[in-house]
Amino acid sequence: MTLSKHQCDLLTKQLLIIGEQMILCGSEIHRVEDTVRRIGKAYGALRTDIFAINSCIFLAMEFPFFDEQTYTRRITRGESTDYQKLERLNALSRSICEAPISPDELETRVKEIVSKKASTAKFFIGSVLAASAFSLFFGGSYFDALAAGIFAVIIALMQRYLASYCPTAFFFTFTASLVSGILIYLTCTAFPALHSDKVAIGDIMLLVPGIGITTSVRNMLVGDTVSGWLRFVEVLLQAAALAAGFMLAMAIAGGDLL
């Protein structure tokens with residue numbers, strides 16, 4: 001496919017957006033870089049050089065008859081795992097490699113994928129089911145599971161509407177764990193039949209960055225050491241914030257959560 005200068009610029013910008021969205025969805029770094037390289041090759045780029053970490057993407061592309069273009073994209077938002085959006089981006093990249101579309105159509109397809117939000121109802125239902133199931137798994141009663149499900153709704157509301165106002169994932173995790181911890185203890189004090197530790201552990205699992213740990217280790221194992229360690233340190237800070245939030249909640253409420 002022969003592209004004009006404008007189309008080359010548009011294509012490069014769309015590749016930056018695809019890479020950024022894949023990182024935000026929780027993709028491994030090597031998958032992001034491989035996807036961008038393959039799309040660039042499909043459009044006839046002589047060379048596609050990309051270096052990505054969790055907070056930044058550097059992309060340089062060279063097309064026939066045009067000077068090399070270099071772009072940088074700073075990623076300021078934290079990761080929010082969305083494998084449905086990631087799968088749509090992967091499906092788009094595979095279809096492009098088989099049959100490239102025009103950069104203008106690519107822009108339209110990318111906008112459609114980026115603008116499509118995950119189902120709010122499924123998000124809340126999943127949070128309730130997960131918290132209740134973990135509460136039961138760790139020895140809680142059905143009443144504990146019911147309480148954990150109720151507090152899971154509160155945590156899900158904070159994740160949905162408060163997270164974007166927090167400067168970092170560390171600050172959000174600390175705030176969410178502190179608020180939910182205090183509410184859990186006060187509720188369990190008012191209803192002695194509830195076990196605060198069983199309720200709390202079910203809701204804690206909603207804030208544990210388990211997928212982040214897995215992704216960071218996978219990045220390191222495939223050679224993306226810098227990205228892997230950056231993500232690993234971020235995950236450790238989130239875990240520390242989670243523990244600190246519930247410990248402070250326990251101190252404020254004057255009880256024993258765990």
# chains A, B, ... in the order shown; residues from 1 in each chain; ligands from 1

call {"tool": "residues_around", "arguments": {"residues": "range 218-231 of chain A", "least_positions_apart": "3", "cutoff": "10 Å", "atoms": "only C-alpha atoms", "output": "PyMOL selection string"}}
result
chain A and resi 27-31+52-55+79+212-215+234-237

call {"tool": "write_last_selection", "arguments": {"atoms": "N, CA, C and O atoms", "output": "PDB file, in the first residue's frame"}}
result
ATOM      1  N   SER A  27      -1.752  -5.067  28.807  1.00  0.00           N
ATOM      2  CA  SER A  27      -0.985  -5.945  27.941  1.00  0.00           C
ATOM      3  C   SER A  27       0.487  -5.980  28.340  1.00  0.00           C
ATOM      4  O   SER A  27       1.026  -5.034  28.921  1.00  0.00           O
ATOM      5  N   GLU A  28       1.163  -7.101  28.011  1.00  0.00           N
ATOM      6  CA  GLU A  28       2.602  -7.174  28.196  1.00  0.00           C
ATOM      7  C   GLU A  28       3.285  -6.242  27.194  1.00  0.00           C
ATOM      8  O   GLU A  28       2.793  -6.023  26.089  1.00  0.00           O
ATOM      9  N   ILE A  29       4.441  -5.710  27.578  1.00  0.00           N
ATOM     10  CA  ILE A  29       5.144  -4.750  26.739  1.00  0.00           C
ATOM     11  C   ILE A  29       5.584  -5.375  25.421  1.00  0.00           C
ATOM     12  O   ILE A  29       5.486  -4.753  24.358  1.00  0.00           O
ATOM     13  N   HIS A  30       6.077  -6.607  25.460  1.00  0.00           N
ATOM     14  CA  HIS A  30       6.558  -7.218  24.221  1.00  0.00           C
ATOM     15  C   HIS A  30       5.424  -7.408  23.219  1.00  0.00           C
ATOM     16  O   HIS A  30       5.634  -7.324  21.999  1.00  0.00           O
ATOM     17  N   ARG A  31       4.197  -7.632  23.714  1.00  0.00           N
ATOM     18  CA  ARG A  31       3.045  -7.751  22.812  1.00  0.00           C
ATOM     19  C   ARG A  31       2.735  -6.406  22.166  1.00  0.00           C
ATOM     20  O   ARG A  31       2.378  -6.345  20.983  1.00  0.00           O
ATOM     21  N   ALA A  52       8.830   0.804  24.414  1.00  0.00           N
ATOM     22  CA  ALA A  52       7.704   1.118  25.288  1.00  0.00           C
ATOM     23  C   ALA A  52       8.001   0.697  26.714  1.00  0.00           C
ATOM     24  O   ALA A  52       8.629  -0.339  26.959  1.00  0.00           O
ATOM     25  N   ILE A  53       7.585   1.522  27.651  1.00  0.00           N
ATOM     26  CA  ILE A  53       7.543   1.160  29.059  1.00  0.00           C
ATOM     27  C   ILE A  53       6.151   1.526  29.557  1.00  0.00           C
ATOM     28  O   ILE A  53       5.318   2.006  28.789  1.00  0.00           O
ATOM     29  N   ASN A  54       5.880   1.308  30.819  1.00  0.00           N
ATOM     30  CA  ASN A  54       4.518   1.507  31.325  1.00  0.00           C
ATOM     31  C   ASN A  54       4.059   2.957  31.253  1.00  0.00           C
ATOM     32  O   ASN A  54       2.855   3.219  31.243  1.00  0.00           O
ATOM     33  N   SER A  55       5.001   3.892  31.203  1.00  0.00           N
ATOM     34  CA  SER A  55       4.611   5.311  31.252  1.00  0.00           C
ATOM     35  C   SER A  55       4.969   6.086  29.992  1.00  0.00           C
ATOM     36  O   SER A  55       4.704   7.283  29.923  1.00  0.00           O
ATOM     37  N   GLU A  79      -2.809   1.692  34.698  1.00  0.00           N
ATOM     38  CA  GLU A  79      -3.427   0.566  34.023  1.00  0.00           C
ATOM     39  C   GLU A  79      -4.793   0.247  34.639  1.00  0.00           C
ATOM     40  O   GLU A  79      -4.991   0.343  35.836  1.00  0.00           O
ATOM     41  N   GLY A 212      -1.384  -7.336  37.914  1.00  0.00           N
ATOM     42  CA  GLY A 212      -0.198  -6.502  37.744  1.00  0.00           C
ATOM     43  C   GLY A 212       1.080  -7.251  38.085  1.00  0.00           C
ATOM     44  O   GLY A 212       2.104  -7.109  37.405  1.00  0.00           O
ATOM     45  N   ILE A 213       1.026  -8.053  39.139  1.00  0.00           N
ATOM     46  CA  ILE A 213       2.195  -8.848  39.522  1.00  0.00           C
ATOM     47  C   ILE A 213       2.529  -9.843  38.419  1.00  0.00           C
ATOM     48  O   ILE A 213       3.691  -9.994  38.008  1.00  0.00           O
ATOM     49  N   THR A 214       1.511 -10.536  37.912  1.00  0.00           N
ATOM     50  CA  THR A 214       1.725 -11.521  36.850  1.00  0.00           C
ATOM     51  C   THR A 214       2.311 -10.877  35.601  1.00  0.00           C
ATOM     52  O   THR A 214       3.263 -11.384  34.993  1.00  0.00           O
ATOM     53  N   THR A 215       1.760  -9.720  35.211  1.00  0.00           N
ATOM     54  CA  THR A 215       2.243  -9.032  34.013  1.00  0.00           C
ATOM     55  C   THR A 215       3.687  -8.577  34.174  1.00  0.00           C
ATOM     56  O   THR A 215       4.495  -8.685  33.248  1.00  0.00           O
ATOM     57  N   GLU A 234       5.627  -0.629  41.244  1.00  0.00           N
ATOM     58  CA  GLU A 234       4.307   0.009  41.365  1.00  0.00           C
ATOM     59  C   GLU A 234       3.328  -0.903  42.092  1.00  0.00           C
ATOM     60  O   GLU A 234       2.553  -0.464  42.945  1.00  0.00           O
ATOM     61  N   VAL A 235       3.365  -2.197  41.767  1.00  0.00           N
ATOM     62  CA  VAL A 235       2.487  -3.168  42.412  1.00  0.00           C
ATOM     63  C   VAL A 235       2.806  -3.294  43.892  1.00  0.00           C
ATOM     64  O   VAL A 235       1.909  -3.377  44.742  1.00  0.00           O
ATOM     65  N   LEU A 236       4.095  -3.307  44.234  1.00  0.00           N
ATOM     66  CA  LEU A 236       4.489  -3.383  45.644  1.00  0.00           C
ATOM     67  C   LEU A 236       3.989  -2.171  46.422  1.00  0.00           C
ATOM     68  O   LEU A 236       3.544  -2.293  47.572  1.00  0.00           O
ATOM     69  N   LEU A 237       4.056  -1.002  45.801  1.00  0.00           N
ATOM     70  CA  LEU A 237       3.558   0.210  46.459  1.00  0.00           C
ATOM     71  C   LEU A 237       2.042   0.133  46.663  1.00  0.00           C
ATOM     72  O   LEU A 237       1.524   0.564  47.701  1.00  0.00           O
TER      73      LEU A 237
END

call {"tool": "select_by_dssp", "arguments": {"residues": "range 40-175 of chain A", "states": "helix (DSSP H, G or I)", "output": "short mmCIF file (atom, residue, chain, number, x, y, z; two decimals) with N, CA and C atoms, in the first residue's frame"}}
result
data_model
loop_
_atom_site.label_atom_id
_atom_site.label_comp_id
_atom_site.auth_asym_id
_atom_site.auth_seq_id
_atom_site.Cartn_x
_atom_site.Cartn_y
_atom_site.Cartn_z
N GLY A 40 3.10 -1.81 11.22
CA GLY A 40 3.96 -0.96 10.40
C GLY A 40 4.46 -1.70 9.16
N LYS A 41 4.84 -2.95 9.32
CA LYS A 41 5.31 -3.75 8.19
C LYS A 41 4.19 -3.97 7.18
N ALA A 42 2.96 -4.19 7.69
CA ALA A 42 1.82 -4.42 6.81
C ALA A 42 1.53 -3.21 5.93
N TYR A 83 -9.53 -6.74 29.29
CA TYR A 83 -9.11 -7.70 28.28
C TYR A 83 -10.07 -7.74 27.09
N GLN A 84 -11.29 -7.27 27.27
CA GLN A 84 -12.20 -7.20 26.13
C GLN A 84 -11.71 -6.17 25.12
N LYS A 85 -11.34 -5.00 25.60
CA LYS A 85 -10.80 -3.97 24.70
C LYS A 85 -9.48 -4.43 24.10
N LEU A 86 -8.66 -5.10 24.91
CA LEU A 86 -7.39 -5.61 24.42
C LEU A 86 -7.61 -6.62 23.30
N GLU A 87 -8.59 -7.48 23.46
CA GLU A 87 -8.89 -8.47 22.42
C GLU A 87 -9.38 -7.79 21.14
N ARG A 88 -10.16 -6.72 21.27
CA ARG A 88 -10.62 -5.99 20.08
C ARG A 88 -9.43 -5.36 19.35
N LEU A 89 -8.49 -4.81 20.11
CA LEU A 89 -7.30 -4.23 19.50
C LEU A 89 -6.46 -5.31 18.81
N ASN A 90 -6.34 -6.47 19.45
CA ASN A 90 -5.59 -7.57 18.84
C ASN A 90 -6.28 -8.06 17.56
N ALA A 91 -7.61 -8.15 17.61
CA ALA A 91 -8.35 -8.59 16.42
C ALA A 91 -8.18 -7.59 15.28
N LEU A 92 -8.18 -6.29 15.62
CA LEU A 92 -7.99 -5.26 14.60
C LEU A 92 -6.60 -5.38 13.98
N SER A 93 -5.59 -5.58 14.82
CA SER A 93 -4.22 -5.69 14.30
C SER A 93 -4.06 -6.91 13.40
N ARG A 94 -4.68 -8.03 13.78
CA ARG A 94 -4.58 -9.23 12.95
C ARG A 94 -5.26 -9.03 11.59
N SER A 95 -6.43 -8.38 11.61
CA SER A 95 -7.14 -8.15 10.35
C SER A 95 -6.35 -7.19 9.45
N ILE A 96 -5.67 -6.21 10.05
CA ILE A 96 -4.88 -5.27 9.27
C ILE A 96 -3.69 -5.97 8.62
N CYS A 97 -3.04 -6.86 9.38
CA CYS A 97 -1.89 -7.57 8.83
C CYS A 97 -2.30 -8.46 7.66
N GLU A 98 -3.53 -8.97 7.69
CA GLU A 98 -4.02 -9.80 6.58
C GLU A 98 -4.47 -8.95 5.40
N PRO A 103 -5.47 4.47 6.35
CA PRO A 103 -5.24 5.09 7.66
C PRO A 103 -6.46 5.83 8.20
N ASP A 104 -7.26 6.41 7.29
CA ASP A 104 -8.47 7.11 7.74
C ASP A 104 -9.48 6.13 8.32
N GLU A 105 -9.63 4.97 7.69
CA GLU A 105 -10.53 3.96 8.23
C GLU A 105 -9.97 3.38 9.52
N LEU A 106 -8.64 3.25 9.57
CA LEU A 106 -8.01 2.77 10.80
C LEU A 106 -8.31 3.72 11.95
N GLU A 107 -8.24 5.01 11.68
CA GLU A 107 -8.55 6.00 12.72
C GLU A 107 -9.97 5.82 13.24
N THR A 108 -10.91 5.59 12.32
CA THR A 108 -12.31 5.40 12.71
C THR A 108 -12.47 4.14 13.55
N ARG A 109 -11.82 3.04 13.14
CA ARG A 109 -11.93 1.77 13.87
C ARG A 109 -11.31 1.90 15.27
N VAL A 110 -10.19 2.58 15.36
CA VAL A 110 -9.53 2.75 16.67
C VAL A 110 -10.40 3.58 17.60
N LYS A 111 -11.00 4.65 17.08
CA LYS A 111 -11.87 5.49 17.89
C LYS A 111 -13.06 4.69 18.42
N GLU A 112 -13.61 3.83 17.60
CA GLU A 112 -14.74 3.00 18.03
C GLU A 112 -14.34 2.09 19.18
N ILE A 113 -13.17 1.49 19.08
CA ILE A 113 -12.70 0.57 20.13
C ILE A 113 -12.41 1.32 21.42
N VAL A 114 -11.73 2.46 21.29
CA VAL A 114 -11.33 3.24 22.48
C VAL A 114 -12.56 3.79 23.20
N SER A 115 -13.56 4.22 22.45
CA SER A 115 -14.74 4.85 23.05
C SER A 115 -15.68 3.84 23.70
N THR A 120 -20.99 -1.53 32.86
CA THR A 120 -21.02 -1.17 34.28
C THR A 120 -21.72 -2.25 35.10
N ALA A 121 -22.80 -2.80 34.57
CA ALA A 121 -23.55 -3.83 35.29
C ALA A 121 -22.68 -5.07 35.53
N LYS A 122 -21.96 -5.51 34.51
CA LYS A 122 -21.09 -6.67 34.65
C LYS A 122 -19.97 -6.40 35.65
N PHE A 123 -19.46 -5.18 35.64
CA PHE A 123 -18.39 -4.82 36.56
C PHE A 123 -18.85 -4.92 38.01
N PHE A 124 -20.04 -4.41 38.29
CA PHE A 124 -20.56 -4.46 39.67
C PHE A 124 -20.93 -5.88 40.06
N ILE A 125 -21.55 -6.61 39.16
CA ILE A 125 -21.92 -7.99 39.47
C ILE A 125 -20.67 -8.84 39.73
N GLY A 126 -19.66 -8.65 38.90
CA GLY A 126 -18.42 -9.39 39.10
C GLY A 126 -17.76 -9.07 40.42
N SER A 127 -17.78 -7.79 40.82
CA SER A 127 -17.19 -7.39 42.10
C SER A 127 -17.92 -8.04 43.27
N VAL A 128 -19.25 -8.03 43.21
CA VAL A 128 -20.05 -8.62 44.28
C VAL A 128 -19.79 -10.13 44.38
N LEU A 129 -19.82 -10.81 43.25
CA LEU A 129 -19.61 -12.25 43.25
C LEU A 129 -18.21 -12.61 43.75
N ALA A 130 -17.20 -11.85 43.33
CA ALA A 130 -15.83 -12.14 43.74
C ALA A 130 -15.66 -11.95 45.25
N ALA A 131 -16.12 -10.82 45.76
CA ALA A 131 -15.97 -10.55 47.20
C ALA A 131 -16.73 -11.58 48.04
N SER A 132 -17.94 -11.89 47.65
CA SER A 132 -18.74 -12.87 48.41
C SER A 132 -18.10 -14.25 48.36
N ALA A 133 -17.61 -14.64 47.19
CA ALA A 133 -17.01 -15.96 47.04
C ALA A 133 -15.73 -16.09 47.87
N PHE A 134 -14.90 -15.05 47.88
CA PHE A 134 -13.67 -15.10 48.67
C PHE A 134 -13.98 -15.12 50.16
N SER A 135 -15.02 -14.40 50.55
CA SER A 135 -15.41 -14.41 51.96
C SER A 135 -15.80 -15.81 52.40
N LEU A 136 -16.59 -16.50 51.58
CA LEU A 136 -16.96 -17.88 51.87
C LEU A 136 -15.75 -18.81 51.82
N PHE A 137 -14.88 -18.59 50.85
CA PHE A 137 -13.71 -19.45 50.67
C PHE A 137 -12.80 -19.42 51.90
N TYR A 142 -22.61 -17.18 55.43
CA TYR A 142 -23.38 -16.58 54.34
C TYR A 142 -23.69 -15.12 54.63
N PHE A 143 -23.85 -14.79 55.90
CA PHE A 143 -24.07 -13.38 56.25
C PHE A 143 -22.80 -12.56 55.98
N ASP A 144 -21.64 -13.15 56.28
CA ASP A 144 -20.38 -12.47 55.98
C ASP A 144 -20.24 -12.23 54.47
N ALA A 145 -20.62 -13.25 53.70
CA ALA A 145 -20.54 -13.13 52.25
C ALA A 145 -21.49 -12.04 51.73
N LEU A 146 -22.68 -11.97 52.33
CA LEU A 146 -23.64 -10.94 51.94
C LEU A 146 -23.10 -9.55 52.25
N ALA A 147 -22.51 -9.40 53.43
CA ALA A 147 -21.92 -8.11 53.81
C ALA A 147 -20.76 -7.75 52.90
N ALA A 148 -19.92 -8.75 52.59
CA ALA A 148 -18.79 -8.49 51.69
C ALA A 148 -19.28 -8.04 50.32
N GLY A 149 -20.39 -8.62 49.86
CA GLY A 149 -20.95 -8.21 48.59
C GLY A 149 -21.46 -6.78 48.61
N ILE A 150 -22.04 -6.37 49.73
CA ILE A 150 -22.54 -4.99 49.85
C ILE A 150 -21.37 -4.00 49.82
N PHE A 151 -20.31 -4.31 50.56
CA PHE A 151 -19.15 -3.42 50.57
C PHE A 151 -18.41 -3.47 49.24
N ALA A 152 -18.55 -4.57 48.52
CA ALA A 152 -17.94 -4.66 47.19
C ALA A 152 -18.55 -3.62 46.26
N VAL A 153 -19.84 -3.35 46.42
CA VAL A 153 -20.49 -2.32 45.62
C VAL A 153 -19.86 -0.95 45.90
N ILE A 154 -19.58 -0.68 47.16
CA ILE A 154 -18.96 0.59 47.54
C ILE A 154 -17.56 0.71 46.92
N ILE A 155 -16.80 -0.39 47.00
CA ILE A 155 -15.46 -0.37 46.40
C ILE A 155 -15.55 -0.20 44.89
N ALA A 156 -16.50 -0.88 44.26
CA ALA A 156 -16.67 -0.76 42.81
C ALA A 156 -17.06 0.67 42.42
N LEU A 157 -17.88 1.30 43.23
CA LEU A 157 -18.24 2.70 42.96
C LEU A 157 -17.01 3.60 43.03
N MET A 158 -16.15 3.35 44.01
CA MET A 158 -14.91 4.14 44.12
C MET A 158 -14.00 3.86 42.93
N GLN A 159 -13.90 2.61 42.51
CA GLN A 159 -13.06 2.28 41.37
C GLN A 159 -13.58 2.92 40.09
N ARG A 160 -14.89 3.01 40.00
CA ARG A 160 -15.50 3.52 38.78
C ARG A 160 -15.47 5.04 38.71
N TYR A 161 -15.70 5.70 39.86
CA TYR A 161 -15.90 7.14 39.81
C TYR A 161 -14.87 7.96 40.61
N ALA A 163 -11.42 6.79 41.14
CA ALA A 163 -10.04 6.50 40.72
C ALA A 163 -9.48 7.56 39.78
N SER A 164 -10.32 8.09 38.89
CA SER A 164 -9.83 9.08 37.91
C SER A 164 -9.44 10.40 38.57
N TYR A 165 -9.93 10.65 39.79
CA TYR A 165 -9.60 11.89 40.48
C TYR A 165 -8.37 11.74 41.38
N ALA A 169 -2.21 5.41 41.55
CA ALA A 169 -2.87 4.18 41.99
C ALA A 169 -2.62 3.95 43.48
N PHE A 170 -1.45 4.37 43.96
CA PHE A 170 -1.11 4.23 45.38
C PHE A 170 -2.12 5.00 46.24
N PHE A 171 -2.40 6.23 45.87
CA PHE A 171 -3.30 7.07 46.64
C PHE A 171 -4.72 6.51 46.61
N PHE A 172 -5.15 6.03 45.43
CA PHE A 172 -6.51 5.47 45.34
C PHE A 172 -6.63 4.21 46.18
N THR A 173 -5.65 3.32 46.10
CA THR A 173 -5.72 2.07 46.86
C THR A 173 -5.77 2.35 48.35
N PHE A 174 -4.96 3.31 48.79
CA PHE A 174 -4.96 3.67 50.22
C PHE A 174 -6.32 4.23 50.63
N THR A 175 -6.87 5.13 49.83
CA THR A 175 -8.16 5.75 50.14
C THR A 175 -9.28 4.71 50.16
#

call {"tool": "atom_distance", "arguments": {"atom1": "CA of Ile201 in chain A", "atom2": "CA of Ala253 in chain A"}}
result
16.9 Å

call {"tool": "residues_around", "arguments": {"residues": "range 67-74 of chain A", "least_positions_apart": "6", "cutoff": "12 Å", "atoms": "only C-alpha atoms", "output": "MDAnalysis selection string"}}
result
chainID A and resid 5:6 8:21 23:24 45:61

call {"tool": "atom_distance", "arguments": {"atom1": "CA of Leu183 in chain A", "atom2": "CA of Leu242 in chain A"}}
result
15.2 Å

call {"tool": "select_by_dssp", "arguments": {"residues": "range 55-142 of chain A", "states": "strand (DSSP E or B)", "output": "count of residues only"}}
result
13
